[in-house]
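Asks: Pasting a structure here, questions to come.
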Amino acid sequence: MASEPLLRVRDLGVTFRSGGADTVASSGVTYDLAPGEILAVVGESGSGKSVSALALTRLLPAAPACRVTGSVLLEGEELVGLPEERLAKVRGKRIAYIFQEPGTSMNPVYTIGFQIAEAVKAHRPEVTGADVRRTVEASLDAVGIREPARAADSYPHELSGGMLQRAMIAMALACEPKVLVADEPTTALDVTIQKQIMELLARLRRERGMSILLITHNFGIVANTADNVLVMSQGRVVEQGPVARVMSAPEHPYTRGLIACIPRLGQRRRRLPTLEDHLRESAQA
Ligand SMILES: Nc1ncnc2c1ncn2[C@@H]1O[C@H](COP(=O)(O)OP(=O)(O)OP(=O)(O)O)[C@@H](O)[C@H]1O
Ligand SMILES: [Mg+2]
């Protein structure tokens with residue numbers, strides 16, 4: 001029998017309201033995330049990847065400016081409609097996020113170690129005294145930072161982009177989340193560092209059985225890292241399934257276009273096509 005999904009998302013939708021008009025940013029998003037699974041979410045800019053992920057723990061503007069509909073079951077507990085103080089306990093502790101720009105997520109006026117310690121104290125009250133510092137250094141060590149004590153005492157601007165992204169991942173890991181949402185975690189980094197960060201995420205999943213929702217523009221990263229993939233366009237899921245199946249036999253023309261954009265040596269890079277590009281191409285064909 002298949003194991004119970006850790007996260008069961010059904011018909012998740014996000015609608016923004018401004019000036020009396022509704023904008024549906026995403027709708028009908030449905031998927032399961034198993035323990036230890038890496039699910040990639042791909043799609044063009046504005047397709048609703050981030051809002052769908054932020055909606056899991058309602059990391060979005062309050063109602064009535066933003067409405068979240070559908071169902072998000074985390075280990076059987078419904079998160080949609082949960083009061084804010086209960087959701088705040090889920091965020092960081094059970095579902096942690098890492099974002100594209102570590103520089104904007106870390107506070108520049110506090111050391112890395114102080115910020116990770118705050119997260120640990122907020123979510124793991126059982127860790128106290130000198131164990132907080134030990135947990136901070138252990139999490140920096142776990143993400144491959146060679147001198148964890150020194151990194152802990154550094155301010156964000158003192159670390160390179162790759163190191164800062166590792167520190168962000170360490171902060172997310174320090175609370176031992178069940179689900180890590182990685183929203184374009186490598187876009188701002190150069191290619192070799194990108195590869196190292198992706199290898200780090202794959203190792204963390206292997207060693208800790210952590211589930212990862214990996215948002216990316218890059219189908220190449222999907223091919224190398226994820227088990228399953230969800231392809232979004234204009235706020236909707238247009239295709240989903242195991243990576244091997246989707247890569248070898250994509251059913252939706254939009255997915256085919258994304259796969260055609262995987263950069264290969266000696267090829268010029270193409271911009272990501274939009275759904276309109278495909279409709280135009282199929283109309284011309
Ligand atoms: N706070 C907000 N208020 C109003 N509209 C928003 C807000 N955040 C996102 N949107 C809109 O929701 C839609 C989906 O945005 P989202 O950020 O999820 O896209 P994305 O797929 O993550 O794109 P990218 O690849 O550029 O990060 C977009 O049309 C965006 O303009
Ligand atoms: Mg986004």
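Identifiers for the structure tokens are assigned positionally: chains receive A, B, ... in sequence, residues are indexed from 1 per chain, and ligands are indexed from 1 in the order shown.
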Could you name the residues that touch region 200-211 of chain A at 9 Å or less, counting only C-alpha atoms, but leaving out those on the same chain fewer than 4 positions away, as a PyMOL selection string?
Replies: chain A and resi 6+33-39+142-144+166+169+176-181+195-196+225-226
Asks: Any chance you can output those residues with C-alpha atoms as a PDB file, in the first residue's frame?
Replies:
```
ATOM      1  CA  LEU A   6       2.754  14.020   4.276  1.00  0.00           C
ATOM      2  CA  LEU A  33       3.856  15.148  -1.300  1.00  0.00           C
ATOM      3  CA  ALA A  34       5.186  11.903   0.170  1.00  0.00           C
ATOM      4  CA  PRO A  35       7.756  11.736   2.970  1.00  0.00           C
ATOM      5  CA  GLY A  36      11.211  12.168   1.426  1.00  0.00           C
ATOM      6  CA  GLU A  37       9.845  13.202  -1.965  1.00  0.00           C
ATOM      7  CA  ILE A  38      11.200  16.078  -4.043  1.00  0.00           C
ATOM      8  CA  LEU A  39       8.396  17.665  -6.035  1.00  0.00           C
ATOM      9  CA  ALA A 142      25.296  20.112   8.063  1.00  0.00           C
ATOM     10  CA  VAL A 143      25.027  22.445   5.075  1.00  0.00           C
ATOM     11  CA  GLY A 144      28.752  22.194   4.392  1.00  0.00           C
ATOM     12  CA  ARG A 166      23.700  27.705   2.759  1.00  0.00           C
ATOM     13  CA  ILE A 169      19.105  26.506   4.446  1.00  0.00           C
ATOM     14  CA  GLU A 176      13.873  20.093  11.627  1.00  0.00           C
ATOM     15  CA  PRO A 177      10.923  20.785   9.324  1.00  0.00           C
ATOM     16  CA  LYS A 178       8.965  17.982   7.665  1.00  0.00           C
ATOM     17  CA  VAL A 179       8.638  19.977   4.465  1.00  0.00           C
ATOM     18  CA  LEU A 180      11.163  22.384   2.999  1.00  0.00           C
ATOM     19  CA  VAL A 181       9.842  24.810   0.417  1.00  0.00           C
ATOM     20  CA  LYS A 195      25.020  22.654  -8.488  1.00  0.00           C
ATOM     21  CA  GLN A 196      26.446  22.445  -4.967  1.00  0.00           C
ATOM     22  CA  THR A 225      16.934  16.409  -8.689  1.00  0.00           C
ATOM     23  CA  ALA A 226      13.181  15.855  -8.493  1.00  0.00           C
TER      24      ALA A 226
END
```
Asks: Give as a PyMOL selection string the residues surrounding ligand 2 up to a distance of 12 Å, considering only C-alpha atoms and all ligand atoms.
Replies: chain A and resi 25+41-54+98-101+181-185+187+214-217+232+235
Asks: Please save C-alpha atoms of the selected residues as a short mmCIF file (atom, residue, chain, number, x, y, z; two decimals), in the first residue's frame.
Replies:
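Output (selection25.cif):
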```cif
data_model
loop_
_atom_site.label_atom_id
_atom_site.label_comp_id
_atom_site.auth_asym_id
_atom_site.auth_seq_id
_atom_site.Cartn_x
_atom_site.Cartn_y
_atom_site.Cartn_z
CA ALA A 25 -3.35 34.15 -8.98
CA VAL A 41 7.13 23.16 -9.51
CA VAL A 42 8.00 24.77 -12.84
CA GLY A 43 6.39 27.40 -15.02
CA GLU A 44 6.86 30.88 -16.41
CA SER A 45 7.14 33.99 -14.28
CA GLY A 46 3.78 34.91 -12.77
CA SER A 47 2.33 31.41 -13.26
CA GLY A 48 1.49 31.14 -9.57
CA LYS A 49 4.35 28.98 -8.29
CA SER A 50 5.25 31.16 -5.30
CA VAL A 51 1.72 32.10 -4.26
CA SER A 52 0.71 28.42 -4.31
CA ALA A 53 3.62 27.57 -2.02
CA LEU A 54 3.07 30.57 0.26
CA ILE A 98 14.02 29.24 1.74
CA PHE A 99 13.79 32.00 -0.80
CA GLN A 100 15.64 33.18 -3.85
CA GLU A 101 17.33 36.17 -2.27
CA VAL A 181 9.84 24.81 0.42
CA ALA A 182 12.76 26.01 -1.69
CA ASP A 183 11.58 28.90 -3.88
CA GLU A 184 14.15 29.43 -6.66
CA PRO A 185 16.92 28.71 -4.18
CA THR A 187 18.62 31.56 -9.26
CA LEU A 214 11.34 22.82 -5.20
CA ILE A 215 10.25 25.84 -7.22
CA THR A 216 12.41 26.51 -10.24
CA HIS A 217 12.47 27.98 -13.72
CA MET A 232 2.12 25.56 -13.96
CA GLY A 235 -2.24 30.02 -12.31
#
```
Asks: Tell me which of A:Leu279, A:Asn218, A:Ile145, A:Val229 sits closest to Ile259 (chain A), counting only C-alpha atoms.
Replies: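 Checking each candidate against Ile259 (chain A), we get A:Asn218 as the closest.
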Asks: State, in Å with one decimal place, the distance from CA of Gly161 (chain A) to CA of Ala119 (chain A).
Replies: 21.0 Å
Asks: If you run DSSP on this backbone, which residues of region 115-236 of chain A come out as alpha helix (DSSP H), and could you give them as a PyMOL selection string?
Replies: chain A and resi 115-123+130-142+148-152+161-173+191-208+219-225
Asks: With C-alpha atoms retained, could you export that selection as a PDB file, in the first residue's frame?
Replies:
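again21.pdb was written with the following content:
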```
ATOM      1  CA  GLN A 115      19.149  34.675  13.661  1.00  0.00           C
ATOM      2  CA  ILE A 116      19.361  30.889  13.555  1.00  0.00           C
ATOM      3  CA  ALA A 117      19.304  30.802  17.376  1.00  0.00           C
ATOM      4  CA  GLU A 118      16.118  32.898  17.400  1.00  0.00           C
ATOM      5  CA  ALA A 119      14.471  30.437  15.020  1.00  0.00           C
ATOM      6  CA  VAL A 120      15.556  27.485  17.160  1.00  0.00           C
ATOM      7  CA  LYS A 121      14.291  29.121  20.372  1.00  0.00           C
ATOM      8  CA  ALA A 122      10.967  30.003  18.749  1.00  0.00           C
ATOM      9  CA  HIS A 123      10.258  26.534  17.398  1.00  0.00           C
ATOM     10  CA  ALA A 130      24.449  26.085  25.428  1.00  0.00           C
ATOM     11  CA  ASP A 131      22.557  23.544  23.292  1.00  0.00           C
ATOM     12  CA  VAL A 132      21.107  26.424  21.261  1.00  0.00           C
ATOM     13  CA  ARG A 133      24.567  27.447  20.101  1.00  0.00           C
ATOM     14  CA  ARG A 134      25.496  23.796  19.504  1.00  0.00           C
ATOM     15  CA  THR A 135      22.362  23.358  17.354  1.00  0.00           C
ATOM     16  CA  VAL A 136      23.213  26.520  15.402  1.00  0.00           C
ATOM     17  CA  GLU A 137      26.745  25.315  14.659  1.00  0.00           C
ATOM     18  CA  ALA A 138      25.580  21.777  13.869  1.00  0.00           C
ATOM     19  CA  SER A 139      23.086  23.080  11.329  1.00  0.00           C
ATOM     20  CA  LEU A 140      25.748  25.287   9.687  1.00  0.00           C
ATOM     21  CA  ASP A 141      28.051  22.276   9.609  1.00  0.00           C
ATOM     22  CA  ALA A 142      25.296  20.112   8.063  1.00  0.00           C
ATOM     23  CA  PRO A 148      30.516  26.957  11.509  1.00  0.00           C
ATOM     24  CA  ALA A 149      31.561  28.961  14.577  1.00  0.00           C
ATOM     25  CA  ARG A 150      33.053  31.694  12.440  1.00  0.00           C
ATOM     26  CA  ALA A 151      30.040  31.777  10.111  1.00  0.00           C
ATOM     27  CA  ALA A 152      27.707  31.982  13.117  1.00  0.00           C
ATOM     28  CA  GLY A 161      26.145  34.505  -1.984  1.00  0.00           C
ATOM     29  CA  GLY A 162      26.617  30.746  -1.914  1.00  0.00           C
ATOM     30  CA  MET A 163      27.544  30.719   1.795  1.00  0.00           C
ATOM     31  CA  LEU A 164      24.584  32.934   2.628  1.00  0.00           C
ATOM     32  CA  GLN A 165      22.236  30.606   0.767  1.00  0.00           C
ATOM     33  CA  ARG A 166      23.700  27.705   2.759  1.00  0.00           C
ATOM     34  CA  ALA A 167      23.156  29.675   5.972  1.00  0.00           C
ATOM     35  CA  MET A 168      19.511  30.225   4.965  1.00  0.00           C
ATOM     36  CA  ILE A 169      19.105  26.506   4.446  1.00  0.00           C
ATOM     37  CA  ALA A 170      20.780  25.918   7.832  1.00  0.00           C
ATOM     38  CA  MET A 171      18.253  28.254   9.450  1.00  0.00           C
ATOM     39  CA  ALA A 172      15.395  26.318   7.841  1.00  0.00           C
ATOM     40  CA  LEU A 173      16.929  22.997   8.922  1.00  0.00           C
ATOM     41  CA  VAL A 191      26.307  27.699 -11.984  1.00  0.00           C
ATOM     42  CA  THR A 192      28.875  25.807  -9.891  1.00  0.00           C
ATOM     43  CA  ILE A 193      27.348  27.056  -6.632  1.00  0.00           C
ATOM     44  CA  GLN A 194      23.872  26.206  -7.998  1.00  0.00           C
ATOM     45  CA  LYS A 195      25.020  22.654  -8.488  1.00  0.00           C
ATOM     46  CA  GLN A 196      26.446  22.445  -4.967  1.00  0.00           C
ATOM     47  CA  ILE A 197      23.230  23.762  -3.418  1.00  0.00           C
ATOM     48  CA  MET A 198      21.133  21.271  -5.389  1.00  0.00           C
ATOM     49  CA  GLU A 199      23.440  18.452  -4.267  1.00  0.00           C
ATOM     50  CA  LEU A 200      23.045  19.676  -0.709  1.00  0.00           C
ATOM     51  CA  LEU A 201      19.230  19.558  -0.957  1.00  0.00           C
ATOM     52  CA  ALA A 202      19.372  16.051  -2.451  1.00  0.00           C
ATOM     53  CA  ARG A 203      21.651  14.909   0.388  1.00  0.00           C
ATOM     54  CA  LEU A 204      19.388  16.415   3.057  1.00  0.00           C
ATOM     55  CA  ARG A 205      16.437  14.582   1.635  1.00  0.00           C
ATOM     56  CA  ARG A 206      18.443  11.324   1.600  1.00  0.00           C
ATOM     57  CA  GLU A 207      19.812  11.706   5.110  1.00  0.00           C
ATOM     58  CA  ARG A 208      16.801  13.216   6.866  1.00  0.00           C
ATOM     59  CA  PHE A 219      13.900  22.106 -16.171  1.00  0.00           C
ATOM     60  CA  GLY A 220      17.531  20.978 -16.136  1.00  0.00           C
ATOM     61  CA  ILE A 221      17.480  21.151 -12.320  1.00  0.00           C
ATOM     62  CA  VAL A 222      14.180  19.247 -12.296  1.00  0.00           C
ATOM     63  CA  ALA A 223      15.660  16.457 -14.400  1.00  0.00           C
ATOM     64  CA  ASN A 224      18.614  16.037 -12.062  1.00  0.00           C
ATOM     65  CA  THR A 225      16.934  16.409  -8.689  1.00  0.00           C
TER      66      THR A 225
END
```
Asks: Smallest atom-to-atom distance to ligand 1: which of A:Ile112, A:Met106, A:Val238, A:Ala62, using only C-alpha atoms and all ligand atoms?
Replies: A:Ala62
Asks: Determine the nearest neighbour of Gly20 (chain A) from the options A:Pro64, A:Pro125, A:Gly257, A:Pro250, counting only C-alpha atoms.
Replies: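 When distances to Gly20 (chain A) are compared using only C-alpha atoms, the smallest one comes from A:Pro64.
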Asks: Using only C-alpha atoms, find the one residue out of A:Thr274, A:Ser282, A:Asn228, A:Ser18 that sits nearest to Ala40 (chain A).
Replies: A:Asn228
Asks: Of the residues A:Arg236, A:Arg91, A:Arg256, A:Arg280, which is the one nearest to ligand 1, using only C-alpha atoms and all ligand atoms?
Replies: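 Of A:Arg236, A:Arg91, A:Arg256, A:Arg280, the one nearest ligand 1, counting only C-alpha atoms and all ligand atoms, is A:Arg236.
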Asks: Restricting the calculation to only C-alpha atoms, which member of A:Asp227, A:Glu4, A:Glu126, A:Glu158 is positioned closest to Leu74 (chain A)?
Replies: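 Answer, going by the shortest atom-to-atom distance: A:Glu4.
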Asks: If you count only C-alpha atoms, which residues fall within 8 Å of Gly70 (chain A), apart from same-chain ones fewer than 3 positions away, as an mmCIF file with C-alpha atoms, in the first residue's frame?
Replies:
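Below is the file out.cif, written as the result:
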```
data_model
loop_
_atom_site.group_PDB
_atom_site.id
_atom_site.type_symbol
_atom_site.label_atom_id
_atom_site.label_comp_id
_atom_site.auth_asym_id
_atom_site.auth_seq_id
_atom_site.Cartn_x
_atom_site.Cartn_y
_atom_site.Cartn_z
ATOM 1 C CA VAL A 9 -3.160 19.587 -1.334
ATOM 2 C CA ARG A 10 -6.550 19.765 -3.022
ATOM 3 C CA ASP A 11 -7.934 22.477 -5.268
ATOM 4 C CA LEU A 12 -5.765 25.142 -3.658
ATOM 5 C CA GLY A 13 -6.542 28.625 -4.930
ATOM 6 C CA GLY A 28 -7.206 24.127 -8.764
ATOM 7 C CA VAL A 80 -6.619 26.279 5.321
#
```
